[in-house]
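Heads up: the structure comes next, in structure tokens.
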Amino acid sequence: MPAIATGKFTAVNMDTTTPRTINTGLSNIRSLTILNPSTVTGEFGGLAYTTDQLQGDVPGAFVYDGAHQAVGLAITGGSFTINHKAFQRAGQTYYWEARGD
């Protein structure tokens, strides 16, 4: 059974254009889900998802809104780096769940 780690982060004005790296405490992330329950209608969906296999095919790739693909969410070992406007709205809180080992 894979290990599960959870956490959250809030984007602030000083870091909205700077990639942010989050360490999950896992050795390797196999799948990652990020949720922003406050996403404004018409913007990126409130749910983003990526896996180590998707990252292997397209580094930094993630799926949002269940159907659209973008680049800007990279997994490296047990950490992930977010560099996409979907995760940089100042004042918004984003919740994540990582599964791995």
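Starting from 1 in every chain, residues are counted up; chains themselves are A, B, ... following the order of the structure tokens, and ligands are numbered from 1 as listed.
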Task: Distance query Ala74 in chain A at most 12 Å, only C-alpha atoms, self and fewer than 6 positions along chain excluded, as a PyMOL selection string - done: chain A and resi 19-22+29-32+49-62+80-84
Open item on the list: For Thr24 in chain A, find every residue with an atom within 9 Å (counting only C-alpha atoms), except residues of its own chain fewer than 4 positions away, and show them as number ranges by chain.
Closed with: A: 5-7, 29, 78-80, 97-98
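Here CA of Gly66 in chain A stands at a distance of 16.9 Å from CA of Tyr95 in chain A.
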- [ ] From a DSSP calculation on the backbone, collect every residue of range 18-92 of chain A in alpha helix (DSSP H) and output the set as a VMD selection string.
- [x] chain A and resid 52 to 57
Only N, CA and C atoms, please: the residues just picked out, written as a PDB file, in the first residue's frame.
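Below is the file out-v1.pdb, written as the result:
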ATOM      1  N   ASP A  52       3.825  10.123 -11.729  1.00  0.00           N
ATOM      2  CA  ASP A  52       5.213   9.963 -12.147  1.00  0.00           C
ATOM      3  C   ASP A  52       5.283   9.488 -13.599  1.00  0.00           C
ATOM      4  N   GLN A  53       4.327   8.676 -14.048  1.00  0.00           N
ATOM      5  CA  GLN A  53       4.323   8.197 -15.435  1.00  0.00           C
ATOM      6  C   GLN A  53       4.020   9.332 -16.411  1.00  0.00           C
ATOM      7  N   LEU A  54       3.066  10.180 -16.079  1.00  0.00           N
ATOM      8  CA  LEU A  54       2.777  11.340 -16.929  1.00  0.00           C
ATOM      9  C   LEU A  54       3.988  12.268 -16.985  1.00  0.00           C
ATOM     10  N   GLN A  55       4.651  12.452 -15.852  1.00  0.00           N
ATOM     11  CA  GLN A  55       5.851  13.288 -15.800  1.00  0.00           C
ATOM     12  C   GLN A  55       6.962  12.696 -16.672  1.00  0.00           C
ATOM     13  N   GLY A  56       7.030  11.355 -16.728  1.00  0.00           N
ATOM     14  CA  GLY A  56       8.031  10.697 -17.562  1.00  0.00           C
ATOM     15  C   GLY A  56       7.796  10.955 -19.044  1.00  0.00           C
ATOM     16  N   ASP A  57       6.526  11.044 -19.437  1.00  0.00           N
ATOM     17  CA  ASP A  57       6.184  11.306 -20.831  1.00  0.00           C
ATOM     18  C   ASP A  57       6.339  12.785 -21.187  1.00  0.00           C
TER      19      ASP A  57
END
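Computed from the coordinates, the CA of Arg89 in chain A to CA of Ala11 in chain A distance equals 6.0 Å.
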Open item on the list: Applying 9 Å and only C-alpha atoms, which residues near Pro2 in chain A remain after dropping the ones on its own chain fewer than 2 positions away? List them as a PyMOL selection string.
Closed with: chain A and resi 4+30+99-101
For the selection just defined, write its residues with N, CA, C and O atoms to a file, as a CSV table (one decimal), in the first residue's frame.
chain,number,residue,atom,x,y,z
A,4,ILE,N,0.8,7.9,2.0
A,4,ILE,CA,0.0,9.1,1.7
A,4,ILE,C,0.5,10.3,2.5
A,4,ILE,O,0.6,10.2,3.7
A,30,ARG,N,4.3,9.2,-6.5
A,30,ARG,CA,3.8,8.4,-7.6
A,30,ARG,C,2.6,9.1,-8.3
A,30,ARG,O,2.4,9.0,-9.5
A,99,ARG,N,0.8,10.6,-3.1
A,99,ARG,CA,0.9,9.1,-2.8
A,99,ARG,C,2.2,8.6,-3.4
A,99,ARG,O,2.6,9.0,-4.5
A,100,GLY,N,2.9,7.8,-2.7
A,100,GLY,CA,4.1,7.3,-3.1
A,100,GLY,C,4.8,6.4,-2.1
A,100,GLY,O,4.1,5.6,-1.4
A,101,ASP,N,6.1,6.5,-2.0
A,101,ASP,CA,6.9,5.7,-1.1
A,101,ASP,C,8.0,6.4,-0.5
A,101,ASP,O,8.2,7.6,-0.9
TODO: Report the distance between CA of Leu73 in chain A and CA of Asn13 in chain A in Å, rounded to one decimal place.
DONE: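 Those two atoms sit 19.5 Å apart.
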